[in-house]
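J.: Let me begin by handing over the structure; questions about it come next.
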Number of protein chains: 2
Amino acid sequence: MNGFIQKLGPLLFALARSRPAGLLIRKVFAHMSFAIPAARLRETSTLLAFHHPRPAYPLHILLVPKREYRSLIELDPGDAAFQRDLFETVQSLVRDLGLEARGYRLIANGGANQDVPILHFHLISESEVQP
Amino acid sequence: MNGFIQKLGPLLFALARSRPAGLLIRKVFAHMSFAIPAARLRETSTLLAFHHPRPAYPLHILLVPKREYRSLIELDPGDAAFQRDLFETVQSLVRDLGLEARGYRLIANGGANQDVPILHFHLISESEVQP
């Protein structure tokens, strides 16, 4: 199991598109995040933040909760610990990566717009370089 | 003051682009939301949700906190009441407007990508009609 995860590495997330893989990978985020070798930017007790393995923007970071949420609709509105970590982590990344000047968007896609069956937030910048 | 706000109505938000207007309008959202005649979709003790007065998408809803936050960077990560309301309201709108099937995105723009100096979230759908 560990070998499997280590080998797939940063592609784990990209591979989560299929239903069974989605289930497996939600479990990995929930219980085995130590085994995810993706280049981590931040880790808290409730989430992981890392560069998207297949970026669609010049800067493309994913923020993934460790709890097993399939989508925004499943997020527990009372999960204050995750929500605090989400906004604290975004603020910390915005500061450290100079995103105020560069411009950024925090995005959660849902329903027909969600491609991976794990709740995730994108922190992106469309600007190629820091001003 | 009330007359001014009543007259501008749904354009209040669109007008908030200038710095002094932004300050005024943050105060209105914080203390006088009763006076905002925009077509309200939801109101809680911490936020207002309404159709964007100048929509950029077939469905374009704004969620605006009543507390005076200028941007995502200023959001208090410990403001659990607003965060709960934000996600509960989004989930409620997604359900009531059939957005799971239609597809949707929740977006917060920041820094150079933020056009109005009031923290706000966009709940949008790029799909013209419900499937």
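For the structure tokens, the naming scheme is as follows: chains receive sequential letters (A, B, ...) according to their order of presentation, residues are indexed from 1 within each chain, and ligands are indexed from 1 in presentation order.
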Enumerate, in order of chain and increasing residue number, the residues of chain A with an atom no farther than 12 Å from chain B, each with its shortest atom pair and distance in Å to one decimal, counting only C-alpha atoms, as a Markdown table.
T.:
```
| residue | atom | partner | partner_atom | distance |
| --- | --- | --- | --- | --- |
| A:Ser71 | CA | B:Glu100 | CA | 10.1 |
| A:Leu72 | CA | B:Gln91 | CA | 7.4 |
| A:Ile73 | CA | B:Gln91 | CA | 5.5 |
| A:Glu74 | CA | B:Gln91 | CA | 8.5 |
| A:Leu75 | CA | B:Phe87 | CA | 7.8 |
| A:Asp76 | CA | B:Phe87 | CA | 8.3 |
| A:Pro77 | CA | B:Arg84 | CA | 4.8 |
| A:Gly78 | CA | B:Arg84 | CA | 5.9 |
| A:Asp79 | CA | B:Arg84 | CA | 8.0 |
| A:Ala80 | CA | B:Ala80 | CA | 5.8 |
| A:Ala81 | CA | B:Ala80 | CA | 8.8 |
| A:Phe82 | CA | B:Pro77 | CA | 10.2 |
| A:Gln83 | CA | B:Gln83 | CA | 6.9 |
| A:Arg84 | CA | B:Pro77 | CA | 4.8 |
| A:Asp85 | CA | B:Pro77 | CA | 7.5 |
| A:Leu86 | CA | B:Pro77 | CA | 8.2 |
| A:Phe87 | CA | B:Pro77 | CA | 5.7 |
| A:Glu88 | CA | B:Pro77 | CA | 5.8 |
| A:Thr89 | CA | B:Pro77 | CA | 9.4 |
| A:Val90 | CA | B:Ile73 | CA | 8.2 |
| A:Gln91 | CA | B:Ile73 | CA | 5.4 |
| A:Ser92 | CA | B:Ile73 | CA | 8.8 |
| A:Leu93 | CA | B:Ile73 | CA | 10.2 |
| A:Val94 | CA | B:Ile73 | CA | 7.9 |
| A:Arg95 | CA | B:Ile73 | CA | 8.6 |
| A:Leu97 | CA | B:Gly111 | CA | 11.9 |
| A:Gly98 | CA | B:Gly111 | CA | 9.4 |
| A:Leu99 | CA | B:Gly111 | CA | 6.6 |
| A:Glu100 | CA | B:Gly111 | CA | 3.9 |
| A:Ala101 | CA | B:Gly111 | CA | 5.9 |
| A:Arg102 | CA | B:Ala112 | CA | 6.2 |
| A:Gly103 | CA | B:Ala112 | CA | 4.1 |
| A:Tyr104 | CA | B:Gly110 | CA | 5.2 |
| A:Arg105 | CA | B:Asn109 | CA | 4.4 |
| A:Leu106 | CA | B:Ala108 | CA | 5.1 |
| A:Ile107 | CA | B:Ile107 | CA | 4.5 |
| A:Ala108 | CA | B:Leu106 | CA | 5.1 |
| A:Asn109 | CA | B:Arg105 | CA | 4.4 |
| A:Gly110 | CA | B:Tyr104 | CA | 5.2 |
| A:Gly111 | CA | B:Glu100 | CA | 3.9 |
| A:Ala112 | CA | B:Gly103 | CA | 4.1 |
| A:Asn113 | CA | B:Gly103 | CA | 4.9 |
| A:Gln114 | CA | B:Gly103 | CA | 7.8 |
| A:Asp115 | CA | B:Gly103 | CA | 10.8 |
| A:His120 | CA | B:Leu106 | CA | 11.4 |
| A:Phe121 | CA | B:Leu106 | CA | 9.4 |
| A:His122 | CA | B:Ile107 | CA | 9.4 |
| A:Leu123 | CA | B:Ala108 | CA | 9.6 |
| A:Ile124 | CA | B:Asn109 | CA | 9.7 |
| A:Ser125 | CA | B:Asn113 | CA | 9.0 |
| A:Glu126 | CA | B:Asn113 | CA | 9.4 |
| A:Ser127 | CA | B:Ala112 | CA | 9.7 |
| A:Gln130 | CA | B:Ala112 | CA | 11.4 |
| A:Pro131 | CA | B:Ala112 | CA | 10.6 |
```
J.: So what do you get for CA of Thr46 (chain B) versus CA of Leu63 (chain A), distance-wise?
T.: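 So the two atoms, CA of Thr46 (chain B) and CA of Leu63 (chain A), lie 24.9 Å apart.
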J.: Can you measure CA of Asp96 (chain A) to CA of Arg42 (chain A) for me? One decimal in Å is fine.
T.: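 These atoms are spaced 11.6 Å apart.
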J.: Looking at A:Val129, A:Ala21, A:Ile118, A:Leu62, which one is nearest to Glu43 (chain A), with distances taken over only C-alpha atoms?
T.: A:Leu62
J.: So how many Å separate CA of Pro65 (chain B) and CA of Leu23 (chain B), to one decimal?
T.: 14.1 Å
J.: So that I can check the secondary structure, give me every residue of region 47-111 of chain A assigned strand (DSSP E) by backbone DSSP, as an MDAnalysis selection string.
T.: chainID A and resid 47:51 59:65 104:110
J.: Quick one: write out the picked residues with C-alpha atoms as a compact mmCIF listing (two decimals), in the first residue's frame?
T.:
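selection_4.txt, written as the output of this step:
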```
# COMPACT_ATOMS: atom_id res chain seq x y z
CA LEU A 47 -5.50 19.99 5.62
CA LEU A 48 -2.67 19.65 3.14
CA ALA A 49 -1.62 22.34 0.65
CA PHE A 50 0.58 21.42 -2.31
CA HIS A 51 1.32 22.40 -5.89
CA LEU A 59 0.56 29.27 -9.92
CA HIS A 60 -1.81 26.45 -9.00
CA ILE A 61 -2.01 25.24 -5.41
CA LEU A 62 -4.47 22.68 -4.03
CA LEU A 63 -5.84 22.78 -0.48
CA VAL A 64 -7.32 19.41 0.52
CA PRO A 65 -9.03 18.65 3.82
CA TYR A 104 -5.00 35.52 -6.97
CA ARG A 105 -8.26 33.61 -6.81
CA LEU A 106 -9.51 31.04 -4.30
CA ILE A 107 -11.88 28.64 -6.07
CA ALA A 108 -13.98 25.62 -5.15
CA ASN A 109 -15.67 23.89 -8.08
CA GLY A 110 -18.84 21.89 -7.55
```
